Each structure stands twice: as C-alpha cells, then as structure tokens.
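Shown next: run_25.txt, given as compact mmCIF, C-alpha atoms and all ligand atoms.
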# COMPACT_ATOMS: atom_id res chain seq x y z
CA MET A 628 15.37 -9.66 11.85
CA LYS A 629 13.36 -6.86 13.40
CA LEU A 630 11.58 -4.43 11.07
CA PHE A 631 9.74 -1.36 12.37
CA VAL A 632 6.86 -0.31 10.08
CA ALA A 633 5.54 3.26 10.12
CA THR A 634 1.79 2.72 9.89
CA HIS A 635 -1.44 2.81 11.83
CA ASN A 636 -3.10 0.49 9.31
CA ALA A 637 -3.52 -3.00 10.82
CA HIS A 638 -4.42 -4.48 7.39
CA LYS A 639 -1.03 -3.43 6.03
CA ILE A 640 0.76 -4.97 9.02
CA ARG A 641 -1.07 -8.24 8.44
CA GLU A 642 -0.12 -8.34 4.75
CA ILE A 643 3.48 -7.27 5.38
CA SER A 644 3.84 -10.03 8.01
CA GLN A 645 2.46 -12.58 5.53
CA ILE A 646 4.71 -11.40 2.70
CA LEU A 647 7.87 -11.19 4.86
CA PRO A 648 7.85 -14.33 7.01
CA GLY A 649 10.93 -14.57 9.18
CA PHE A 650 10.92 -10.85 9.95
CA GLU A 651 9.80 -9.62 13.33
CA ILE A 652 7.38 -6.88 12.22
CA GLU A 653 6.52 -4.14 14.70
CA ALA A 654 4.13 -1.27 13.94
CA ASP A 655 5.10 2.26 14.98
CA ASP A 656 2.41 4.86 14.26
CA PRO A 657 3.95 7.98 12.68
CA GLU A 658 1.10 9.91 14.28
CA GLY A 659 0.70 13.53 13.28
CA VAL A 660 2.92 13.52 10.19
CA GLU A 661 1.47 15.28 7.18
CA GLU A 662 1.54 13.09 4.06
CA ASN A 663 1.75 16.07 1.73
CA ALA A 664 4.13 14.81 -0.96
CA PRO A 665 2.83 14.69 -4.54
CA ASP A 666 3.65 11.00 -4.99
CA PHE A 667 3.67 7.68 -3.15
CA SER A 668 7.46 7.55 -2.80
CA GLY A 669 7.58 11.00 -1.21
CA ASN A 670 4.90 10.10 1.31
CA ALA A 671 6.54 6.78 2.15
CA LEU A 672 9.78 8.68 2.87
CA ILE A 673 7.93 11.20 5.06
CA LYS A 674 6.48 8.36 7.14
CA VAL A 675 9.66 6.32 7.54
CA ARG A 676 11.71 9.45 8.41
CA ALA A 677 9.21 10.16 11.21
CA ILE A 678 9.96 6.89 12.99
CA ALA A 679 13.59 6.08 12.06
CA PRO A 680 15.14 8.30 14.78
CA ARG A 681 13.22 6.24 17.36
CA HIS A 682 14.95 3.01 16.26
CA PRO A 683 18.67 3.71 15.70
CA GLY A 684 20.57 0.71 14.32
CA SER A 685 17.41 -1.06 13.11
CA TRP A 686 15.64 -1.43 9.78
CA CYS A 687 12.57 0.82 9.41
CA MET A 688 9.99 0.83 6.64
CA ALA A 689 6.89 2.67 5.44
CA ASP A 690 4.31 1.73 2.81
CA ASP A 691 2.45 4.42 0.91
CA SER A 692 -0.04 3.02 -1.50
CA GLY A 693 -3.21 3.69 -3.41
CA LEU A 694 -5.38 3.22 -6.43
CA GLU A 695 -4.91 5.12 -9.70
CA VAL A 696 -7.83 5.10 -12.14
CA GLU A 697 -7.10 5.97 -15.78
CA ALA A 698 -10.45 7.61 -16.54
CA LEU A 699 -10.13 9.78 -13.40
CA GLY A 700 -6.70 11.10 -14.36
CA GLY A 701 -4.96 8.94 -11.74
CA ALA A 702 -7.36 9.72 -8.85
CA PRO A 703 -7.77 8.81 -6.06
CA GLY A 704 -3.95 8.31 -6.11
CA VAL A 705 -2.16 9.66 -3.04
CA ARG A 706 -5.57 10.62 -1.64
CA SER A 707 -6.86 7.02 -1.70
CA ALA A 708 -7.29 6.73 2.09
CA ARG A 709 -9.30 9.95 2.30
CA TYR A 710 -10.92 10.09 -1.15
CA ALA A 711 -14.39 10.82 0.27
CA GLY A 712 -13.01 13.18 2.95
CA GLU A 713 -11.88 12.97 6.57
CA PRO A 714 -11.97 10.75 8.51
CA SER A 715 -10.94 7.89 6.24
CA ASP A 716 -14.01 5.73 5.48
CA THR A 717 -13.76 2.68 3.22
CA ALA A 718 -17.50 2.39 2.45
CA ARG A 719 -17.73 6.07 1.46
CA ASN A 720 -14.52 5.87 -0.62
CA ASN A 721 -15.77 2.85 -2.55
CA ALA A 722 -19.21 4.40 -3.09
CA LEU A 723 -17.65 7.62 -4.39
CA LEU A 724 -15.37 5.71 -6.75
CA LEU A 725 -18.32 3.81 -8.24
CA ALA A 726 -20.36 7.02 -8.54
CA ASN A 727 -17.49 8.80 -10.33
CA LEU A 728 -17.20 5.90 -12.77
CA GLU A 729 -20.89 5.58 -13.48
CA GLY A 730 -21.39 5.13 -17.23
CA VAL A 731 -17.62 5.11 -17.83
CA ALA A 732 -16.53 2.28 -20.13
CA ASP A 733 -12.77 2.61 -19.57
CA ARG A 734 -12.31 1.06 -16.12
CA ARG A 735 -8.54 0.48 -16.22
CA ALA A 736 -6.72 1.08 -12.94
CA ASN A 737 -3.65 0.13 -11.01
CA PHE A 738 -2.67 -0.22 -7.39
CA THR A 739 0.75 1.21 -6.58
CA CYS A 740 2.82 0.65 -3.47
CA ALA A 741 5.96 2.58 -2.58
CA VAL A 742 8.07 1.08 0.17
CA ALA A 743 10.65 3.35 1.79
CA LEU A 744 13.36 1.75 3.91
CA VAL A 745 15.89 3.23 6.31
CA ASP A 746 18.74 0.80 6.92
CA PRO A 747 20.69 0.39 10.19
CA PHE A 748 23.28 2.93 8.89
CA GLY A 749 20.59 5.57 8.24
CA ARG A 750 20.65 5.21 4.44
CA GLU A 751 17.35 5.37 2.52
CA HIS A 752 16.11 2.90 -0.12
CA LEU A 753 12.93 2.84 -2.25
CA ALA A 754 11.01 0.02 -3.92
CA ILE A 755 7.88 0.35 -6.08
CA GLY A 756 5.31 -2.31 -6.95
CA ARG A 757 2.31 -2.10 -9.25
CA CYS A 758 -0.65 -4.31 -10.07
CA PHE A 759 -2.87 -3.56 -13.08
CA GLY A 760 -6.56 -4.37 -13.42
CA ILE A 761 -10.02 -2.88 -13.77
CA ILE A 762 -12.65 -1.39 -11.49
CA ALA A 763 -15.71 -3.66 -11.31
CA LEU A 764 -19.27 -2.40 -11.70
CA ALA A 765 -20.14 -3.54 -8.17
CA PRO A 766 -18.23 -4.78 -5.10
CA SER A 767 -17.67 -8.48 -4.51
CA GLY A 768 -15.85 -10.49 -1.86
CA ALA A 769 -15.14 -9.93 1.80
CA ALA A 770 -11.39 -10.49 2.19
CA GLY A 771 -8.69 -7.83 2.21
CA PHE A 772 -9.40 -4.15 2.86
CA GLY A 773 -9.95 -0.76 1.24
CA TYR A 774 -10.78 -0.91 -2.48
CA ASP A 775 -10.20 -4.68 -2.72
CA PRO A 776 -13.87 -5.58 -3.44
CA LEU A 777 -13.81 -3.26 -6.50
CA PHE A 778 -10.42 -4.15 -8.01
CA VAL A 779 -10.22 -7.06 -10.46
CA PRO A 780 -6.57 -7.78 -11.33
CA ASP A 781 -5.79 -8.53 -14.99
CA GLY A 782 -6.05 -12.22 -15.77
CA TYR A 783 -8.36 -12.93 -12.85
CA GLY A 784 -12.14 -13.10 -13.08
CA LYS A 785 -12.51 -12.02 -9.47
CA SER A 786 -11.74 -9.13 -7.20
CA PHE A 787 -8.81 -8.88 -4.76
CA ALA A 788 -11.41 -9.42 -1.99
CA GLU A 789 -12.32 -12.79 -3.50
CA LEU A 790 -8.72 -14.04 -3.63
CA SER A 791 -6.96 -15.84 -0.78
CA ALA A 792 -4.32 -13.83 1.04
CA GLU A 793 -1.62 -15.93 -0.67
CA GLU A 794 -3.08 -15.26 -4.13
CA LYS A 795 -3.41 -11.51 -3.54
CA ASN A 796 0.09 -11.21 -2.04
CA SER A 797 1.65 -13.12 -4.95
CA ILE A 798 0.51 -10.51 -7.52
CA SER A 799 -0.27 -7.38 -5.52
CA HIS A 800 1.47 -4.01 -5.60
CA ARG A 801 2.52 -4.61 -1.98
CA GLY A 802 3.78 -8.13 -2.67
CA ARG A 803 5.89 -6.83 -5.56
CA ALA A 804 7.31 -3.82 -3.71
CA LEU A 805 8.16 -5.96 -0.69
CA ALA A 806 9.90 -8.58 -2.84
CA GLU A 807 12.26 -5.78 -3.97
CA ALA A 808 12.58 -4.48 -0.42
CA ARG A 809 13.52 -7.96 0.81
CA LYS A 810 16.34 -8.11 -1.77
CA THR A 811 17.68 -4.77 -0.56
CA ILE A 812 17.60 -5.91 3.05
CA LYS A 813 19.48 -9.11 2.14
CA GLU A 814 22.09 -7.14 0.15
CA VAL A 815 22.78 -4.61 2.91
CA GLY A 816 22.65 -7.31 5.60
P1 LIG B 901 -0.68 4.52 6.94
O1 LIG B 901 -0.43 5.82 6.21
O2 LIG B 901 -0.76 4.69 8.42
O3 LIG B 901 0.28 3.44 6.53
P2 LIG B 901 -3.16 4.53 5.39
O4 LIG B 901 -4.28 3.54 5.21
O5 LIG B 901 -3.51 5.96 5.68
O6 LIG B 901 -2.15 3.95 6.51
P3 LIG B 901 -1.99 5.26 2.83
O7 LIG B 901 -1.87 6.71 3.14
O8 LIG B 901 -0.83 4.57 2.16
O9 LIG B 901 -2.23 4.39 4.14
O10 LIG B 901 -3.31 5.02 1.99
C1 LIG B 901 -3.50 3.81 1.37
C2 LIG B 901 -4.97 3.67 0.99
O11 LIG B 901 -5.02 3.10 -0.34
C3 LIG B 901 -5.65 2.66 1.90
O12 LIG B 901 -6.26 3.30 3.01
C4 LIG B 901 -6.65 2.02 0.97
O13 LIG B 901 -7.79 2.83 0.84
C5 LIG B 901 -5.90 2.02 -0.37
N1 LIG B 901 -5.12 0.77 -0.51
C6 LIG B 901 -3.76 0.62 -0.46
N2 LIG B 901 -3.41 -0.67 -0.62
C7 LIG B 901 -4.56 -1.36 -0.77
C8 LIG B 901 -4.85 -2.71 -0.95
O14 LIG B 901 -3.90 -3.64 -0.96
N3 LIG B 901 -6.14 -3.06 -1.07
C9 LIG B 901 -7.11 -2.14 -1.04
N4 LIG B 901 -6.93 -0.83 -0.85
C10 LIG B 901 -5.65 -0.44 -0.71

Could you spell out this file's structure in structure tokens?
Amino acid sequence: MKLFVATHNAHKIREISQILPGFEIEADDPEGVEENAPDFSGNALIKVRAIAPRHPGSWCMADDSGLEVEALGGAPGVRSARYAGEPSDTARNNALLLANLEGVADRRANFTCAVALVDPFGREHLAIGRCFGIIALAPSGAAGFGYDPLFVPDGYGKSFAELSAEEKNSISHRGRALAEARKTIKEVG
C-alpha cells in the first residue's frame, strides 16, 4: 500500500520504511508550512493537511516528534528541531541541551512522536508514542539522528545512537506511534 509522508527529514523516512515494511513510502515535503501548534499532535495535523489534497484517495501521514526534558519544563519539546535557532543544526542543539543541563542531577526525559493520518476518505486519525529515558552526560554512538547520542532509554545502558536500528525501532516513540498507526490503517482498509 502506498503511504505519502509529509516530511523533509530523510532520517524519519528511513525509520518509517524500516518500521512499516510492505508499505510503499513516498516523501512529500510540506514546504513552507508553519508548525505553530502548541503540541506535537497539532503540528502533525498541520503537516499532513498540507499534503493530503495532493494525494486524493491515498493514505497520507505526518510525524511530529521531539524530546521533552523534565528539568527543563518539557523543553525543547515542539522546538526540538530548532532548539538552538534557525537553521536546524543537530550539533548546536545537542551542545545547548548539555549546557542547559550542566550540574542538573534530574536528567529524566522522553521522546514523543505524534503520527497524523489522513485516510483515503479524507478522515483524520492520530497516534502517539512515547519512550522514556535519561539524558547522558556526554554523547555516545554514531547511529540514528538528532538527539540520539544523548538519549539513554530506560532499561538500556546505552544511547539510542548505540542501538541497532531494529533495537531502537522496537522501543522508540516512533516505533510505538507507528504500531498504532498500522492498526488504524488495517482497520480502515
Ligand atoms: P519534518 O517536520 O519535515 O518531518 P523535522 O526534523 O523538522 O522534519 P520535527 O519538526 O518533528 O521534524 O522535529 C523533530 C526533531 O526532534 C528532530 O529534528 C530531532 O531533533 C528530534 N527527534 C525526533 N525524533 C528523534 C529521534 O528518533 N531521534 C533523535 N532525535 C529525534
């Protein structure tokens, strides 16, 4: 089944393709849309609504995701991609996160992923996935993307960037949200 995904992020496309084998995933950049909703679900809906009219009769999807750090009141949250300012820069984002947590003992955090779907009849569906963990004192690992080298999921002694793609996808916020999304797609048909 074909699934159009509203994103410009090639890392997300790779993970979505791994998590949803059997789907023909095609990226469609929702260029120019303003992600100005206060939460992940709102921004995922903004992105999927931007591309759905271009693909009538097909399934469309958007992923809005980010990192929420307890000691920072939930930041970077919906601003995760541009935490250190525009343009989005992973090295600067990770450095700023570590600087803001310097000397902070409570390092609890979670990744959240909201998946918004538009079905072939134009109806909207939402799925949310979360993964809890802590922010490490220093980056480790080279796999994945974004904040992966700094995020150590609960129950694992290593960061997301040190896990295989299969391991990360089996516990990640995106893996969990997409498992729900897959059920919805199967139910609607
Ligand atoms: P699109 O909006 O085009 O999909 P984006 O990267 O701008 O791409 P978001 O607005 O959803 O996407 O921001 C998500 C940011 O949160 C992303 O850029 C990373 O910094 C971070 N993030 C999300 N999921 C992540 C993951 O699995 N591992 C590491 N960082 C992640």

Give one line per residue of chain A that approaches ligand LIG 901 (chain B) to at most 9 Å, naming the two atoms of the closest pair and their distance in Å to one decimal, counting all atoms listed in the file; sort by chain then ascending residue number and deliver it as CSV.
residue,atom,partner,partner_atom,distance
A:Val632,CA,B:LIG901,O3,8.4
A:Ala633,CA,B:LIG901,O3,6.4
A:Thr634,CA,B:LIG901,O2,3.5
A:His635,CA,B:LIG901,O2,4.0
A:Asn636,CA,B:LIG901,O6,4.6
A:Ala637,CA,B:LIG901,O6,8.3
A:His638,CA,B:LIG901,O4,8.3
A:Lys639,CA,B:LIG901,O3,7.0
A:Ile640,CA,B:LIG901,O3,8.8
A:Glu642,CA,B:LIG901,O14,8.3
A:Asp656,CA,B:LIG901,O2,6.6
A:Pro657,CA,B:LIG901,O2,7.2
A:Glu658,CA,B:LIG901,O2,8.1
A:Glu662,CA,B:LIG901,O7,7.3
A:Phe667,CA,B:LIG901,O8,7.6
A:Asn670,CA,B:LIG901,O7,7.8
A:Ala671,CA,B:LIG901,O8,7.7
A:Lys674,CA,B:LIG901,O1,7.4
A:Ala689,CA,B:LIG901,O3,6.7
A:Asp690,CA,B:LIG901,O3,5.7
A:Asp691,CA,B:LIG901,O8,3.5
A:Ser692,CA,B:LIG901,O8,4.1
A:Gly693,CA,B:LIG901,O11,3.6
A:Leu694,CA,B:LIG901,O11,6.1
A:Pro703,CA,B:LIG901,O11,8.5
A:Gly704,CA,B:LIG901,O11,7.8
A:Val705,CA,B:LIG901,O7,6.9
A:Arg706,CA,B:LIG901,O10,7.0
A:Ser707,CA,B:LIG901,O11,4.5
A:Ala708,CA,B:LIG901,O12,3.7
A:Arg709,CA,B:LIG901,O12,7.3
A:Tyr710,CA,B:LIG901,O13,8.2
A:Ser715,CA,B:LIG901,O12,7.3
A:Asp716,CA,B:LIG901,O13,8.3
A:Thr717,CA,B:LIG901,O13,6.4
A:Asn720,CA,B:LIG901,O13,7.5
A:Asn721,CA,B:LIG901,O13,8.7
A:Phe738,CA,B:LIG901,N2,6.8
A:Thr739,CA,B:LIG901,N2,7.5
A:Cys740,CA,B:LIG901,N2,7.0
A:Ala741,CA,B:LIG901,O8,8.5
A:Gly771,CA,B:LIG901,N3,6.3
A:Phe772,CA,B:LIG901,C9,4.9
A:Gly773,CA,B:LIG901,N4,3.7
A:Tyr774,CA,B:LIG901,C9,4.1
A:Asp775,CA,B:LIG901,C9,4.3
A:Pro776,CA,B:LIG901,C9,8.0
A:Leu777,CA,B:LIG901,C9,8.7
A:Phe778,CA,B:LIG901,C9,8.0
A:Phe787,CA,B:LIG901,N3,7.4
A:Ala788,CA,B:LIG901,N3,8.3
A:Lys795,CA,B:LIG901,O14,8.3
A:Asn796,CA,B:LIG901,O14,8.6
A:Ser799,CA,B:LIG901,O14,6.9
A:His800,CA,B:LIG901,O14,7.1
A:Arg801,CA,B:LIG901,O14,6.6

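Here CA of Ala677 in chain A and CA of Ile652 in chain A stand 17.2 Å from one another.
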
**Message:** Neighbouring residues of Ile673 in chain A were defined as those with any atom within 9 Å, considering all atoms listed in the file; residues of the same chain fewer than 4 positions away were excluded. Please report them as a list in words.
**Reply:** Val660, Glu661, Glu662, Asn663, Ala664, Ser668, Gly669, Ala677, Ala689 and Ala743 of chain A

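Here CA of Pro747 in chain A is placed at a distance of 5.4 Å from CA of Trp686 in chain A.
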
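With all atoms listed in the file as the atoms that count, the minimum distance from Leu753 in chain A to the choices A:Asp655, A:Ile643, A:Ala679, A:Ala804 is reached by A:Ala804.
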
**Fill in**
CA of Gly768 in chain A to CA of Arg719 in chain A measures 17.0 Å

Can you pull out every residue within 10 Å of Leu725 in chain A, counting only C-alpha atoms, but drop anything in the same chain fewer than 5 positions away, and send it as an mmCIF file with C-alpha atoms, keeping the file's coordinate frame?
data_model
loop_
_atom_site.group_PDB
_atom_site.id
_atom_site.type_symbol
_atom_site.label_atom_id
_atom_site.label_comp_id
_atom_site.auth_asym_id
_atom_site.auth_seq_id
_atom_site.Cartn_x
_atom_site.Cartn_y
_atom_site.Cartn_z
ATOM 1 C CA ARG A 719 -17.730 6.070 1.460
ATOM 2 C CA ASN A 720 -14.520 5.870 -0.620
ATOM 3 C CA GLY A 730 -21.390 5.130 -17.230
ATOM 4 C CA VAL A 731 -17.620 5.110 -17.830
ATOM 5 C CA ILE A 762 -12.650 -1.390 -11.490
ATOM 6 C CA ALA A 763 -15.710 -3.660 -11.310
ATOM 7 C CA LEU A 764 -19.270 -2.400 -11.700
ATOM 8 C CA ALA A 765 -20.140 -3.540 -8.170
ATOM 9 C CA PRO A 766 -18.230 -4.780 -5.100
ATOM 10 C CA LEU A 777 -13.810 -3.260 -6.500
#

**Complete:** Judged by all atoms listed in the file, the minimum distance to Ser786 in chain A among A:Leu744, A:Arg676, A:Gly760, A:Gly802 is found for A:Gly760

So for range 785-789 of chain A, what box centre and size do we get, axis-aligned, 6 Å extra on each of the six sides, every listed atom, Å to one decimal, as AutoDock Vina command-line options?
--center_x -10.7 --center_y -10.8 --center_z -5.7 --size_x 15.7 --size_y 15.9 --size_z 19.5

Identify, on the basis of all atoms listed in the file, every residue whose closest approach to Leu647 in chain A does not exceed 8 Å; exclude the query and any residue fewer than 3 positions from it along the same chain; express the result as a PDB file with C-alpha atoms, in the frame of the given file.
ATOM      1  CA  ILE A 643       3.480  -7.270   5.380  1.00  0.00           C
ATOM      2  CA  SER A 644       3.840 -10.030   8.010  1.00  0.00           C
ATOM      3  CA  PHE A 650      10.920 -10.850   9.950  1.00  0.00           C
ATOM      4  CA  LEU A 805       8.160  -5.960  -0.690  1.00  0.00           C
ATOM      5  CA  ARG A 809      13.520  -7.960   0.810  1.00  0.00           C
TER       6      ARG A 809
END
